[in-house]
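Listing of input-v7.cif, mmCIF, C-alpha atoms (C1' of nucleotides)
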```cif
data_coords
loop_
_atom_site.label_atom_id
_atom_site.label_comp_id
_atom_site.auth_asym_id
_atom_site.auth_seq_id
_atom_site.Cartn_x
_atom_site.Cartn_y
_atom_site.Cartn_z
CA MET A 45 49.75 97.04 10.82
CA VAL A 46 49.43 97.01 14.57
CA GLN A 47 53.19 96.62 14.90
CA ASP A 48 53.80 99.92 13.12
CA SER A 49 51.47 101.72 15.49
CA ILE A 50 53.17 100.16 18.48
CA ARG A 51 56.52 101.37 17.23
CA ILE A 52 55.13 104.89 16.90
CA LEU A 53 53.77 104.77 20.45
CA GLN A 54 57.14 103.68 21.79
CA ALA A 55 59.05 106.19 19.69
CA GLN A 56 56.97 108.99 21.21
CA GLY A 57 57.51 107.73 24.73
CA TYR A 58 54.02 106.29 25.30
CA LYS A 59 53.55 102.99 27.07
CA VAL A 60 52.35 99.98 25.13
CA THR A 61 49.57 98.79 27.40
CA LYS A 62 47.09 95.99 27.05
CA PRO A 63 44.12 98.33 26.47
CA ARG A 64 45.99 100.23 23.76
CA ARG A 65 46.97 97.02 22.03
CA GLN A 66 43.37 95.79 22.16
CA VAL A 67 41.96 98.97 20.65
CA LEU A 68 44.57 98.86 17.91
CA GLU A 69 43.65 95.27 17.10
CA ILE A 70 39.91 95.89 17.01
CA LEU A 71 40.38 98.89 14.71
CA GLU A 72 42.68 96.82 12.53
CA GLU A 73 40.13 94.04 12.12
CA ALA A 74 37.19 96.37 11.43
CA GLN A 75 36.21 97.28 7.90
CA GLU A 76 33.90 100.03 9.12
CA SER A 77 34.36 102.90 11.50
CA LEU A 78 33.83 102.14 15.17
CA ALA A 79 32.44 104.54 17.75
CA PRO A 80 33.87 104.36 21.29
CA TYR A 81 31.03 102.27 22.68
CA ASP A 82 31.12 100.02 19.61
CA ILE A 83 34.68 99.23 20.48
CA GLN A 84 33.72 98.46 24.06
CA ARG A 85 30.91 96.12 22.93
CA LEU A 86 33.11 94.29 20.42
CA LEU A 87 35.87 93.79 22.93
CA ARG A 88 33.41 92.59 25.55
CA ARG A 89 32.27 89.86 23.15
CA GLN A 90 35.85 88.68 23.10
CA GLY A 91 35.89 88.59 26.89
CA LYS A 92 37.97 91.75 27.12
CA HIS A 93 36.63 94.44 29.41
CA LEU A 94 37.70 98.03 28.98
CA ASN A 95 36.26 101.00 30.79
CA HIS A 96 34.69 103.43 28.36
CA VAL A 97 36.72 106.32 29.80
CA THR A 98 39.87 104.44 28.87
CA ILE A 99 38.64 103.96 25.32
CA TYR A 100 37.89 107.64 24.95
CA ARG A 101 41.36 108.54 26.16
CA ILE A 102 43.05 106.00 23.92
CA LEU A 103 41.16 107.21 20.85
CA GLU A 104 42.08 110.78 21.65
CA LEU A 105 45.73 109.81 21.84
CA PHE A 106 45.57 107.79 18.63
CA CYS A 107 44.06 110.72 16.76
CA ARG A 108 46.75 113.02 18.12
CA LEU A 109 49.40 110.62 16.83
CA ASN A 110 47.58 110.10 13.53
CA LEU A 111 47.11 106.42 14.22
CA ALA A 112 43.35 106.89 13.86
CA HIS A 113 40.91 109.33 12.32
CA ARG A 114 37.47 110.34 13.41
CA VAL A 115 34.93 109.90 10.65
CA LEU A 116 32.47 112.69 11.22
CA SER A 117 29.52 111.38 9.25
CA SER A 118 29.41 108.26 11.40
CA GLY A 119 30.92 109.50 14.64
CA GLY A 120 33.22 106.51 14.56
CA PHE A 121 36.94 105.99 14.27
CA VAL A 122 39.09 104.25 11.71
CA ARG A 123 42.71 103.33 11.67
CA CYS A 124 44.71 105.86 9.74
CA SER A 125 46.22 104.06 6.83
CA LEU A 126 48.15 106.88 5.31
CA GLY A 127 50.69 107.87 7.88
CA LYS A 128 51.08 111.47 8.82
CA ARG A 129 49.35 113.60 6.28
CA GLU A 130 47.93 116.29 8.45
CA GLY A 131 44.98 118.24 7.31
CA CYS A 132 43.68 116.08 4.50
CA HIS A 133 41.23 113.35 5.34
CA ARG A 134 39.46 111.98 2.32
CA PHE A 135 37.09 109.07 2.85
CA VAL A 136 34.57 107.16 0.85
CA VAL A 137 31.94 105.44 2.95
CA CYS A 138 29.64 102.73 1.66
CA ARG A 139 26.12 103.47 2.85
CA GLN A 140 25.20 99.81 2.55
CA CYS A 141 27.92 97.88 4.32
CA GLY A 142 29.70 100.75 6.07
CA ALA A 143 33.03 99.92 4.46
CA ILE A 144 35.45 102.82 4.54
CA GLN A 145 38.42 103.61 2.38
CA GLU A 146 40.83 106.42 3.00
CA PHE A 147 42.61 108.16 0.18
CA ALA A 148 44.99 110.97 -0.47
CA ASP A 149 44.67 113.16 -3.50
CA LYS A 150 46.82 116.22 -3.49
CA GLY A 151 45.23 117.61 -6.62
CA LEU A 152 41.78 117.67 -5.08
CA CYS A 153 43.09 119.28 -1.90
CA GLN A 154 44.82 122.00 -3.85
CA GLU A 155 41.69 122.69 -5.79
CA GLU A 156 39.66 122.92 -2.61
CA ASP A 157 42.21 125.40 -1.32
CA ARG A 158 42.04 127.51 -4.44
CA PHE A 159 38.28 127.37 -4.30
CA ALA A 160 38.13 128.61 -0.71
CA GLU A 161 40.84 131.20 -1.19
CA SER A 162 39.05 132.73 -4.15
CA ARG A 163 36.48 133.70 -1.52
CA GLY A 164 38.94 135.15 0.99
CA PHE A 165 39.10 132.03 3.13
CA HIS A 166 42.46 130.67 4.30
CA THR A 167 42.25 126.92 4.44
CA GLU A 168 44.18 124.89 6.99
CA SER A 169 42.64 121.44 6.74
CA HIS A 170 40.15 119.50 4.69
CA LEU A 171 37.60 116.94 5.48
CA SER A 172 35.92 115.15 2.65
CA GLU A 173 33.55 112.24 3.01
CA SER A 174 31.75 110.83 0.03
CA SER A 175 28.85 108.50 0.51
CA GLY A 176 27.74 105.88 -1.97
CA LEU A 177 28.18 102.22 -2.73
CA CYS A 178 31.37 100.23 -2.76
CA SER A 179 31.95 98.05 -5.80
CA ASP A 180 30.59 94.92 -4.07
CA CYS A 181 27.37 96.52 -2.89
CA TYR A 182 26.92 98.26 -6.22
CA ARG A 183 27.21 94.98 -8.08
CA LYS A 184 24.71 93.35 -5.73
CA GLN A 185 22.24 96.18 -6.18
CA VAL A 186 22.45 96.10 -9.95
CA LYS A 187 21.78 92.38 -9.87
CA GLN A 188 18.83 92.97 -7.51
CA ASN A 189 17.29 95.53 -9.86
CA PHE A 190 17.75 93.21 -12.78
CA ILE A 191 15.89 90.42 -11.00
CA GLY A 192 13.19 92.60 -9.47
CA MET B 264 14.95 134.35 3.71
CA VAL B 265 12.53 133.00 6.30
CA GLN B 266 9.63 133.75 3.98
CA ASP B 267 10.98 131.39 1.34
CA SER B 268 11.21 128.57 3.85
CA ILE B 269 7.69 129.21 5.06
CA ARG B 270 6.43 128.97 1.51
CA ILE B 271 8.19 125.64 1.10
CA LEU B 272 6.65 124.33 4.31
CA GLN B 273 3.18 125.31 3.12
CA ALA B 274 3.72 123.96 -0.37
CA GLN B 275 4.59 120.57 1.10
CA GLY B 276 1.54 120.58 3.36
CA TYR B 277 3.33 121.26 6.65
CA LYS B 278 1.87 123.65 9.20
CA VAL B 279 3.61 126.94 9.85
CA THR B 280 3.76 126.90 13.61
CA LYS B 281 5.30 129.30 16.10
CA PRO B 282 8.14 126.90 17.02
CA ARG B 283 9.05 126.34 13.37
CA ARG B 284 9.05 130.05 12.68
CA GLN B 285 11.25 130.68 15.73
CA VAL B 286 13.80 128.06 14.70
CA LEU B 287 13.89 129.47 11.19
CA GLU B 288 14.52 132.95 12.54
CA ILE B 289 17.28 131.91 14.91
CA LEU B 290 19.05 130.01 12.13
CA GLU B 291 18.63 132.99 9.84
CA GLU B 292 20.26 135.37 12.34
CA ALA B 293 23.15 133.06 13.18
CA GLN B 294 26.44 133.32 11.37
CA GLU B 295 27.67 130.03 12.81
CA SER B 296 26.14 126.60 12.99
CA LEU B 297 23.83 125.95 15.92
CA ALA B 298 23.36 122.63 17.69
CA PRO B 299 19.87 121.76 18.95
CA TYR B 300 20.57 122.83 22.52
CA ASP B 301 22.28 126.01 21.30
CA ILE B 302 19.05 126.91 19.61
CA GLN B 303 17.12 126.23 22.79
CA ARG B 304 19.48 128.43 24.83
CA LEU B 305 19.41 131.30 22.34
CA LEU B 306 15.63 131.26 22.14
CA ARG B 307 15.34 131.15 25.92
CA ARG B 308 17.38 134.36 26.12
CA GLN B 309 14.72 135.96 23.96
CA GLY B 310 12.04 134.74 26.35
CA LYS B 311 10.95 131.99 23.98
CA HIS B 312 10.72 128.52 25.45
CA LEU B 313 10.83 125.47 23.22
CA ASN B 314 11.07 121.89 24.36
CA HIS B 315 14.25 120.26 23.11
CA VAL B 316 12.30 117.37 21.62
CA THR B 317 10.42 119.84 19.46
CA ILE B 318 13.68 121.37 18.27
CA TYR B 319 15.07 117.98 17.31
CA ARG B 320 11.96 117.17 15.33
CA ILE B 321 11.91 120.54 13.60
CA LEU B 322 15.54 120.23 12.59
CA GLU B 323 14.95 116.77 11.26
CA LEU B 324 12.11 118.10 9.12
CA PHE B 325 14.12 121.07 7.91
CA CYS B 326 16.96 118.81 6.81
CA ARG B 327 14.53 116.57 4.99
CA LEU B 328 13.19 119.60 3.13
CA ASN B 329 16.66 120.99 2.54
CA LEU B 330 15.89 124.11 4.55
CA ALA B 331 18.84 123.30 6.79
CA HIS B 332 22.05 121.27 6.72
CA ARG B 333 23.84 119.47 9.46
CA VAL B 334 27.48 120.51 9.68
CA LEU B 335 29.25 117.39 10.81
CA SER B 336 32.46 118.87 12.12
CA SER B 337 30.53 121.00 14.59
CA GLY B 338 27.43 118.90 15.10
CA GLY B 339 25.37 122.03 14.47
CA PHE B 340 22.91 123.11 11.85
CA VAL B 341 22.90 125.94 9.34
CA ARG B 342 20.23 127.31 7.10
CA CYS B 343 20.58 125.91 3.64
CA SER B 344 21.29 128.84 1.39
CA LEU B 345 21.45 127.04 -1.90
CA GLY B 346 18.02 125.61 -2.42
CA LYS B 347 17.69 121.99 -3.35
CA ARG B 348 21.02 120.70 -4.47
CA GLU B 349 20.92 117.23 -3.05
CA GLY B 350 24.09 115.45 -2.36
CA CYS B 351 26.61 118.23 -2.43
CA HIS B 352 27.31 120.14 0.75
CA ARG B 353 30.44 122.18 0.59
CA PHE B 354 31.26 124.33 3.61
CA VAL B 355 34.12 126.42 4.81
CA VAL B 356 34.19 126.88 8.57
CA CYS B 357 36.27 129.49 10.36
CA ARG B 358 37.97 127.83 13.31
CA GLN B 359 38.26 131.20 15.07
CA CYS B 360 34.80 132.77 14.91
CA GLY B 361 32.81 129.77 13.68
CA ALA B 362 31.52 131.60 10.64
CA ILE B 363 30.24 129.27 7.96
CA GLN B 364 29.80 129.74 4.28
CA GLU B 365 28.15 127.28 1.98
CA PHE B 366 29.16 126.92 -1.62
CA ALA B 367 28.40 124.95 -4.69
CA ASP B 368 31.09 123.95 -7.10
CA LYS B 369 30.04 121.47 -9.67
CA GLY B 370 33.56 121.02 -10.97
CA LEU B 371 34.88 119.90 -7.60
CA CYS B 372 31.99 117.50 -7.13
CA GLN B 373 32.58 115.93 -10.51
CA GLU B 374 36.24 115.51 -9.73
CA GLU B 375 35.42 113.87 -6.44
CA ASP B 376 33.12 111.52 -8.31
CA ARG B 377 35.76 110.64 -10.84
CA PHE B 378 38.26 110.14 -8.06
CA ALA B 379 36.01 107.72 -6.15
CA GLU B 380 34.89 105.91 -9.27
CA SER B 381 38.43 105.26 -10.36
CA ARG B 382 38.53 103.09 -7.25
CA GLY B 383 35.29 101.24 -7.98
CA PHE B 384 33.19 103.37 -5.68
CA HIS B 385 29.84 104.74 -6.85
CA THR B 386 29.29 108.12 -5.28
CA GLU B 387 25.84 109.38 -4.36
CA SER B 388 26.55 112.40 -2.19
CA HIS B 389 29.44 114.52 -1.04
CA LEU B 390 30.28 116.23 2.14
CA SER B 391 33.17 118.61 2.19
CA GLU B 392 34.10 120.82 5.10
CA SER B 393 37.24 122.91 5.00
CA SER B 394 38.54 124.43 8.18
CA GLY B 395 40.64 127.56 8.34
CA LEU B 396 40.30 131.28 8.87
CA CYS B 397 37.78 133.62 7.30
CA SER B 398 39.18 136.78 5.78
CA ASP B 399 38.42 138.86 8.90
CA CYS B 400 40.07 136.48 11.36
CA TYR B 401 43.01 135.98 9.03
CA ARG B 402 43.60 139.71 8.85
CA LYS B 403 43.39 140.00 12.64
CA GLN B 404 45.87 137.18 13.11
CA VAL B 405 48.38 138.64 10.69
CA LYS B 406 48.17 141.95 12.55
CA GLN B 407 48.62 140.12 15.85
CA ASN B 408 51.74 138.39 14.62
CA PHE B 409 53.14 141.65 13.36
CA ILE B 410 52.71 143.32 16.76
CA GLY B 411 53.84 140.34 18.84
"C1'" DA C 280 64.24 88.91 39.02
"C1'" DG C 281 62.50 92.47 42.20
"C1'" DC C 282 62.10 97.77 43.11
"C1'" DT C 283 60.42 102.31 41.80
"C1'" DT C 284 57.65 105.74 39.83
"C1'" DA C 285 55.45 108.25 36.36
"C1'" DA C 286 52.03 107.01 33.27
"C1'" DA C 287 47.91 104.81 32.40
"C1'" DT C 288 43.67 102.61 33.76
"C1'" DG C 289 39.46 101.94 36.51
"C1'" DC C 290 35.81 103.71 39.19
"C1'" DA C 291 32.14 106.72 40.60
"C1'" DA C 292 29.55 110.29 39.72
"C1'" DC C 293 27.94 113.52 36.75
"C1'" DA C 294 26.55 116.55 32.62
"C1'" DG C 295 25.05 116.77 28.06
"C1'" DT C 296 22.77 114.79 24.04
"C1'" DG C 297 19.30 112.40 21.77
"C1'" DT C 298 14.89 109.20 21.78
"C1'" DT C 299 10.18 107.32 22.70
"C1'" DG C 300 5.28 107.11 24.00
"C1'" DC C 301 1.48 109.52 25.09
"C1'" DA C 302 -1.39 113.49 26.50
"C1'" DA C 303 -2.45 118.33 25.47
"C1'" DT C 304 -2.49 121.96 22.20
"C1'" DT C 305 -2.90 124.29 17.79
"C1'" DA C 306 -2.98 125.49 12.67
"C1'" DG C 307 -5.84 125.66 9.08
"C1'" DG C 308 -9.74 123.80 6.34
"C1'" DG C 309 -14.68 123.53 6.29
"C1'" DC D 245 -16.41 128.99 15.19
"C1'" DC D 246 -15.75 124.04 15.08
"C1'" DC D 247 -13.22 119.91 13.87
"C1'" DT D 248 -9.37 117.05 13.28
"C1'" DA D 249 -5.01 115.71 12.01
"C1'" DA D 250 -0.68 117.54 12.80
"C1'" DT D 251 2.31 119.31 16.01
"C1'" DT D 252 4.09 120.31 20.46
"C1'" DG D 253 5.05 119.45 25.39
"C1'" DC D 254 6.02 116.41 29.03
"C1'" DA D 255 8.05 112.62 31.50
"C1'" DA D 256 11.00 109.25 31.54
"C1'" DC D 257 14.67 107.06 29.68
"C1'" DA D 258 19.05 105.52 27.10
"C1'" DC D 259 23.23 106.74 25.29
"C1'" DT D 260 27.41 109.51 24.96
"C1'" DG D 261 31.05 111.96 26.77
"C1'" DT D 262 33.71 114.25 30.93
"C1'" DT D 263 36.13 114.96 35.44
"C1'" DG D 264 38.60 113.92 39.76
"C1'" DC D 265 40.76 110.69 42.28
"C1'" DA D 266 42.29 106.00 43.79
"C1'" DT D 267 44.50 101.91 41.96
"C1'" DT D 268 47.27 99.45 38.82
"C1'" DT D 269 50.92 98.74 35.50
"C1'" DA D 270 54.77 99.32 31.97
"C1'" DA D 271 59.32 99.95 31.67
"C1'" DG D 272 63.72 101.73 33.33
"C1'" DC D 273 66.83 100.75 37.04
"C1'" DT D 274 69.81 98.00 40.05
#
```
For this file, write the structure as structure tokens.
Amino acid sequence: MVQDSIRILQAQGYKVTKPRRQVLEILEEAQESLAPYDIQRLLRRQGKHLNHVTIYRILELFCRLNLAHRVLSSGGFVRCSLGKREGCHRFVVCRQCGAIQEFADKGLCQEEDRFAESRGFHTESHLSESSGLCSDCYRKQVKQNFIG
Amino acid sequence: MVQDSIRILQAQGYKVTKPRRQVLEILEEAQESLAPYDIQRLLRRQGKHLNHVTIYRILELFCRLNLAHRVLSSGGFVRCSLGKREGCHRFVVCRQCGAIQEFADKGLCQEEDRFAESRGFHTESHLSESSGLCSDCYRKQVKQNFIG
DNA sequence: AGCTTAAATGCAACAGTGTTGCAATTAGGG
DNA sequence: CCCTAATTGCAACACTGTTGCATTTAAGCT
């Protein structure tokens, strides 16, 4: 919820400005990840004009406060739905519709750690992005194949 | 080995040109991932001049043939050391020296699949990048802390 | 409500990254 | 050695991301 994020901003002594509220809202609405200029375009369609520099700075702040995550495979940003859970970002991204879900799975993280450490590597954070089809798109595709 | 990659190029009917050989060699030497313009800069220092457009196209081809992988967290490319193993790219990246190792772990991939599928998501490919310290940098840091 | 001021935004200008179309070059087969 | 399709280089461009500085604004104060 946007309200939660606003509370976090305030609690940390950051101002709740119109641009920040707008970026929060657009990220909240989106099902997919949004790159900085995507956000600018979407807002412009709603008659809201933000300078791209502002958007970059807001996204940087949001990531620092764990209100958003950067999804590397797309270059876009998503709202962080899991609260502060530093160092473990696990996403599944639908290659069809772009839908993104964020998950936490401590077991998988621990196994990744063990895996890396067995090779002398000291893990500090994980990034895991799986690509595939969400249940909706999968169903549609199966139907398609059946018809075709 | 560069020779292996050259054989693959030939086998698929692609020409073995000077630029392609040079990019293969620079990726082979590198311990870290190299972005397109990094490659151009490094080659220039060796007196070899490649147009950046050429480098982009070569990297695109190499990724298609699984001779290289794009490392998303750095935006750079590494030589693919594992042959064709579509859909599972597991890297550990040292945040200190940039060293990259690529691994395969079928067990982890299967668990990721199970994990996603338990949420109705049909996985096709994985990307996993762990960040931390390689054994060398970890040792150095421990020493540092001991002195300091 | 109207001040005040540090924080945040906007602006301008720039640097880096990535793309496209087309002309010139080159690898590799005959 | 020639031929030709494949590849590279070039020019021009579009997009992305950054920096310094002037302007605006949120929020605490009276």
Please provide the set of residues having any atom within 7 Å of segment 297-313 of chain B, restricted to all atoms listed in the file, with same-chain residues fewer than 4 positions apart removed, written as a PDB file with C-alpha atoms, in the frame of the given file.
```pdb
ATOM      1  CA  PRO B 282       8.140 126.900  17.020  1.00  0.00           C
ATOM      2  CA  THR B 317      10.420 119.840  19.460  1.00  0.00           C
ATOM      3  CA  ILE B 318      13.680 121.370  18.270  1.00  0.00           C
ATOM      4  CA  TYR B 319      15.070 117.980  17.310  1.00  0.00           C
ATOM      5  CA  GLY B 338      27.430 118.900  15.100  1.00  0.00           C
ATOM      6  CA  GLY B 339      25.370 122.030  14.470  1.00  0.00           C
ATOM      7  CA  PHE B 340      22.910 123.110  11.850  1.00  0.00           C
ATOM      8  CA  VAL B 341      22.900 125.940   9.340  1.00  0.00           C
TER       9      VAL B 341
END
```
Query raised in the report: Got a sec to resolve the PyMOL selection byres ((chain B) within 8 of (chain C)) on this structure and send the residues as a list in words?
Result: Lys278, Val279 and Thr280 of chain B
Go ahead and write the selection's residues with C-alpha atoms as a PDB file, in the frame of the given file.
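Wrote part_22.pdb, looks like this:
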```
ATOM      1  CA  LYS B 278       1.870 123.650   9.200  1.00  0.00           C
ATOM      2  CA  VAL B 279       3.610 126.940   9.850  1.00  0.00           C
ATOM      3  CA  THR B 280       3.760 126.900  13.610  1.00  0.00           C
TER       4      THR B 280
END
```
Query raised in the report: What separation in Å, quoted to one decimal, exists between atom CA of Gly176 of chain A and atom CA of Phe384 of chain B?
Result: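 Between these atoms lies a distance of 7.1 Å.
Using only C-alpha atoms (C1' of nucleotides), the smallest distance between any of A:Met45, A:Ile52, A:Ala148, A:Val97 and chain D comes from A:Val97.
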Query - Interface residues on chain B facing chain A, 8 Å, all atoms listed in the file, written as a list in words - result: Leu335, Ser336, Val355, Leu371, Glu374, Glu375, Ala379, Gly383, Phe384, His385, Thr386, Glu387, Ser388, His389, Leu390, Ser391, Glu392, Ser393, Ser394, Gly395, Leu396, Cys397, Ser398 and Tyr401 of chain B
I need the chosen residues saved as a PDB file, keeping the file's coordinate frame, with C-alpha atoms.
```pdb
ATOM      1  CA  LEU B 335      29.250 117.390  10.810  1.00  0.00           C
ATOM      2  CA  SER B 336      32.460 118.870  12.120  1.00  0.00           C
ATOM      3  CA  VAL B 355      34.120 126.420   4.810  1.00  0.00           C
ATOM      4  CA  LEU B 371      34.880 119.900  -7.600  1.00  0.00           C
ATOM      5  CA  GLU B 374      36.240 115.510  -9.730  1.00  0.00           C
ATOM      6  CA  GLU B 375      35.420 113.870  -6.440  1.00  0.00           C
ATOM      7  CA  ALA B 379      36.010 107.720  -6.150  1.00  0.00           C
ATOM      8  CA  GLY B 383      35.290 101.240  -7.980  1.00  0.00           C
ATOM      9  CA  PHE B 384      33.190 103.370  -5.680  1.00  0.00           C
ATOM     10  CA  HIS B 385      29.840 104.740  -6.850  1.00  0.00           C
ATOM     11  CA  THR B 386      29.290 108.120  -5.280  1.00  0.00           C
ATOM     12  CA  GLU B 387      25.840 109.380  -4.360  1.00  0.00           C
ATOM     13  CA  SER B 388      26.550 112.400  -2.190  1.00  0.00           C
ATOM     14  CA  HIS B 389      29.440 114.520  -1.040  1.00  0.00           C
ATOM     15  CA  LEU B 390      30.280 116.230   2.140  1.00  0.00           C
ATOM     16  CA  SER B 391      33.170 118.610   2.190  1.00  0.00           C
ATOM     17  CA  GLU B 392      34.100 120.820   5.100  1.00  0.00           C
ATOM     18  CA  SER B 393      37.240 122.910   5.000  1.00  0.00           C
ATOM     19  CA  SER B 394      38.540 124.430   8.180  1.00  0.00           C
ATOM     20  CA  GLY B 395      40.640 127.560   8.340  1.00  0.00           C
ATOM     21  CA  LEU B 396      40.300 131.280   8.870  1.00  0.00           C
ATOM     22  CA  CYS B 397      37.780 133.620   7.300  1.00  0.00           C
ATOM     23  CA  SER B 398      39.180 136.780   5.780  1.00  0.00           C
ATOM     24  CA  TYR B 401      43.010 135.980   9.030  1.00  0.00           C
TER      25      TYR B 401
END
```
Please return, as a PDB file with C-alpha atoms (C1' of nucleotides), in the frame of the given file, all residues of chain D lying within 9 Å of chain A when only C-alpha atoms (C1' of nucleotides) are considered.
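Final output, saved to part_37.pdb:
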```pdb
ATOM      1  C1'  DT D 260      27.410 109.510  24.960  1.00  0.00           C
ATOM      2  C1'  DG D 261      31.050 111.960  26.770  1.00  0.00           C
ATOM      3  C1'  DT D 262      33.710 114.250  30.930  1.00  0.00           C
ATOM      4  C1'  DT D 269      50.920  98.740  35.500  1.00  0.00           C
ATOM      5  C1'  DA D 270      54.770  99.320  31.970  1.00  0.00           C
ATOM      6  C1'  DA D 271      59.320  99.950  31.670  1.00  0.00           C
TER       7       DA D 271
END
```
Requested in this report: Just give me the gap between atom CA of Arg64 of chain A and atom C1' of DA258 of chain D in Å, one decimal is fine.
Outcome: 27.7 Å
Requested in this report: Find the residues around Gln294 of chain B up to 8 Å (only C-alpha atoms (C1' of nucleotides) counted), leave out those fewer than 2 positions away in its own chain, and share them as number ranges by chain.
Outcome: B: 291-292, 296, 361-363
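The gap separating atom CA of Ser49 of chain A from atom CA of Ser381 of chain B is 29.2 Å, in Å to one decimal.
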